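The data block below is upload24.pdb; it holds PDB, C-alpha atoms.
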MODEL        1
ATOM      1  CA  MET A   1     -12.955 161.199 -55.132
ATOM      2  CA  LYS A   2      -9.280 160.322 -55.430
ATOM      3  CA  ARG A   3      -9.760 159.592 -59.150
ATOM      4  CA  VAL A   4     -11.355 162.979 -59.755
ATOM      5  CA  LEU A   5      -8.527 164.817 -57.973
ATOM      6  CA  LYS A   6      -5.938 162.711 -59.785
ATOM      7  CA  SER A   7      -7.463 163.493 -63.219
ATOM      8  CA  LEU A   8      -7.716 167.221 -62.327
ATOM      9  CA  GLY A   9      -4.025 167.150 -61.332
ATOM     10  CA  GLN A  10      -3.032 165.534 -64.622
ATOM     11  CA  THR A  11      -5.096 168.073 -66.585
ATOM     12  CA  LEU A  12      -3.467 170.919 -64.666
ATOM     13  CA  ILE A  13       0.033 169.516 -65.331
ATOM     14  CA  GLN A  14      -0.738 169.086 -69.045
ATOM     15  CA  SER A  15      -2.050 172.650 -69.263
ATOM     16  CA  ILE A  16       1.081 174.026 -67.580
ATOM     17  CA  LEU A  17       3.306 172.020 -69.964
ATOM     18  CA  LEU A  18       1.325 173.312 -72.959
ATOM     19  CA  VAL A  19       1.662 176.946 -71.817
ATOM     20  CA  CYS A  20       5.410 176.505 -71.204
ATOM     21  CA  THR A  21       5.882 174.930 -74.659
ATOM     22  CA  LEU A  22       4.014 177.788 -76.362
ATOM     23  CA  ALA A  23       6.062 180.357 -74.416
ATOM     24  CA  LEU A  24       9.295 178.660 -75.467
ATOM     25  CA  ILE A  25       8.219 178.626 -79.132
ATOM     26  CA  SER A  26       7.336 182.325 -78.943
ATOM     27  CA  LEU A  27      10.725 183.192 -77.428
ATOM     28  CA  VAL A  28      12.566 181.256 -80.148
ATOM     29  CA  GLY A  29      10.463 183.041 -82.791
ATOM     30  CA  LEU A  30      11.378 186.434 -81.325
ATOM     31  CA  ALA A  31      15.061 185.525 -81.389
ATOM     32  CA  VAL A  32      14.925 184.475 -85.068
ATOM     33  CA  VAL A  33      12.866 187.364 -86.483
ATOM     34  CA  PRO A  34      15.514 190.136 -86.123
ATOM     35  CA  THR A  35      18.106 188.162 -88.104
ATOM     36  CA  GLN A  36      15.791 187.809 -91.115
ATOM     37  CA  GLY A  37      15.456 191.515 -91.720
ATOM     38  CA  ALA A  38      19.044 192.503 -90.985
ATOM     39  CA  ASN A  39      19.480 194.293 -94.326
ATOM     40  CA  ALA A  40      16.064 195.983 -94.372
ATOM     41  CA  GLY A  41      17.127 199.255 -92.788
ATOM     42  CA  GLN A  42      20.333 199.854 -94.724
ATOM     43  CA  ASP A  43      20.963 203.232 -96.254
ATOM     44  CA  LYS A  44      20.227 203.387 -99.999
ATOM     45  CA  SER A  45      23.499 205.212-100.729
ATOM     46  CA  HIS A  46      25.394 201.937-100.252
ATOM     47  CA  ALA A  47      23.280 200.122-102.843
ATOM     48  CA  PRO A  48      24.960 199.322-106.179
ATOM     49  CA  GLN A  49      24.316 201.740-109.031
ATOM     50  CA  GLU A  50      21.638 200.777-111.516
ATOM     51  CA  ALA A  51      22.736 199.811-114.990
ATOM     52  CA  THR A  52      22.329 202.500-117.608
ATOM     53  CA  ILE A  53      21.791 201.957-121.289
ATOM     54  CA  THR A  54      24.383 203.579-123.479
ATOM     55  CA  GLU A  55      23.841 204.458-127.121
ATOM     56  CA  PRO A  56      21.923 201.681-128.878
ATOM     57  CA  ALA A  57      23.291 200.216-132.080
ATOM     58  CA  THR A  58      21.849 201.888-135.129
ATOM     59  CA  SER A  59      22.629 199.232-137.717
ATOM     60  CA  PHE A  60      23.603 195.617-138.179
ATOM     61  CA  GLU A  61      27.234 196.587-138.761
ATOM     62  CA  ASP A  62      27.326 198.300-135.383
ATOM     63  CA  LEU A  63      26.268 195.066-133.723
ATOM     64  CA  ASN A  64      28.655 192.850-135.653
ATOM     65  CA  PRO A  65      31.420 194.837-137.343
ATOM     66  CA  GLN A  66      33.259 191.694-138.472
ATOM     67  CA  ALA A  67      30.388 190.525-140.655
ATOM     68  CA  GLY A  68      29.681 191.954-144.077
ATOM     69  CA  SER A  69      26.529 193.758-144.888
ATOM     70  CA  TYR A  70      23.219 192.042-144.327
ATOM     71  CA  ASP A  71      22.506 191.804-148.056
ATOM     72  CA  GLU A  72      25.797 189.998-148.656
ATOM     73  CA  ILE A  73      25.017 187.518-145.914
ATOM     74  CA  VAL A  74      21.552 186.821-147.365
ATOM     75  CA  LYS A  75      22.951 186.319-150.884
ATOM     76  CA  THR A  76      25.578 183.948-149.543
ATOM     77  CA  ALA A  77      22.992 181.930-147.635
ATOM     78  CA  GLN A  78      20.759 181.510-150.699
ATOM     79  CA  ASN A  79      23.429 179.756-152.793
ATOM     80  CA  PRO A  80      24.533 176.422-151.231
ATOM     81  CA  ALA A  81      27.759 176.228-153.262
ATOM     82  CA  ASN A  82      28.657 179.743-152.248
ATOM     83  CA  VAL A  83      27.962 178.937-148.594
ATOM     84  CA  GLU A  84      30.492 176.116-148.649
ATOM     85  CA  LYS A  85      33.082 178.320-150.367
ATOM     86  CA  VAL A  86      32.607 181.111-147.809
ATOM     87  CA  TYR A  87      32.774 178.538-145.020
ATOM     88  CA  ASP A  88      36.065 177.142-146.318
ATOM     89  CA  GLU A  89      37.519 180.659-146.618
ATOM     90  CA  SER A  90      36.381 181.473-143.101
ATOM     91  CA  LEU A  91      37.826 178.207-141.804
ATOM     92  CA  LYS A  92      41.198 178.900-143.435
ATOM     93  CA  GLU A  93      41.205 182.383-141.936
ATOM     94  CA  TYR A  94      40.370 180.964-138.523
ATOM     95  CA  LYS A  95      43.095 178.350-138.773
ATOM     96  CA  GLY A  96      45.539 181.083-139.780
ATOM     97  CA  GLU A  97      44.666 183.030-136.633
ATOM     98  CA  HIS A  98      44.594 179.924-134.391
ATOM     99  CA  PRO A  99      47.380 177.594-135.569
ATOM    100  CA  GLN A 100      46.800 174.922-132.913
ATOM    101  CA  GLU A 101      46.748 171.484-134.450
ATOM    102  CA  GLY A 102      44.959 168.667-132.723
ATOM    103  CA  ILE A 103      44.876 164.992-133.527
ATOM    104  CA  VAL A 104      41.753 165.443-135.666
ATOM    105  CA  GLN A 105      43.387 168.103-137.827
ATOM    106  CA  LYS A 106      46.505 165.962-138.268
ATOM    107  CA  ALA A 107      44.365 162.991-139.267
ATOM    108  CA  GLU A 108      42.475 165.153-141.788
ATOM    109  CA  GLU A 109      45.763 166.332-143.305
ATOM    110  CA  LEU A 110      47.024 162.740-143.595
ATOM    111  CA  ILE A 111      43.788 161.651-145.245
ATOM    112  CA  GLU A 112      44.005 164.549-147.700
ATOM    113  CA  LYS A 113      47.652 163.688-148.393
ATOM    114  CA  VAL A 114      46.862 160.021-149.051
ATOM    115  CA  THR A 115      43.735 160.577-151.121
ATOM    116  CA  GLY A 116      45.156 163.567-152.963
ATOM    117  CA  ASN A 117      42.256 165.952-152.259
TER     118      ASN A 117
ENDMDL
END

Please go through the file and, once you have read it, give me the structure as structure tokens.
Amino acid sequence: MKRVLKSLGQTLIQSILLVCTLALISLVGLAVVPTQGANAGQDKSHAPQEATITEPATSFEDLNPQAGSYDEIVKTAQNPANVEKVYDESLKEYKGEHPQEGIVQKAEELIEKVTGN
């Protein structure tokens, strides 16, 4: 009889502990839930404005005004010798706008000076 009462007591204690644990988990869940949706009820007037599309470009020149016409670019790309010439001209123009000389550029100049190219 003592064993039966002892096992019933242990079962009752385990049940009470289980109910208390579930209650504690529920209370913690209730405390966390309001912080997740803190921004849900904000007024829409404080939201950032949506991006609007301005006038779209109507031609290739509008997109890239520094480049020549499309036909000129295609003709240049079809002739390999012409491509290198245009590249060299563009490189000289770039170097004229950005006169910073690094060690590589100085070495190239020395090599050109020695070889005579």

>> Please report the interatomic distance between CA of Gly116 in chain A and CA of Asn79 in chain A in Å with one decimal.
In response: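 One can read the CA of Gly116 in chain A to CA of Asn79 in chain A distance as 27.1 Å.
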
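Going from CA of Cys20 in chain A over to CA of Ser7 in chain A, you cover 20.0 Å.
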
> At what distance in Å, to one decimal, does CA of Glu112 in chain A lie from CA of Tyr94 in chain A?
Replying inline: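 The value is 19.2 Å.
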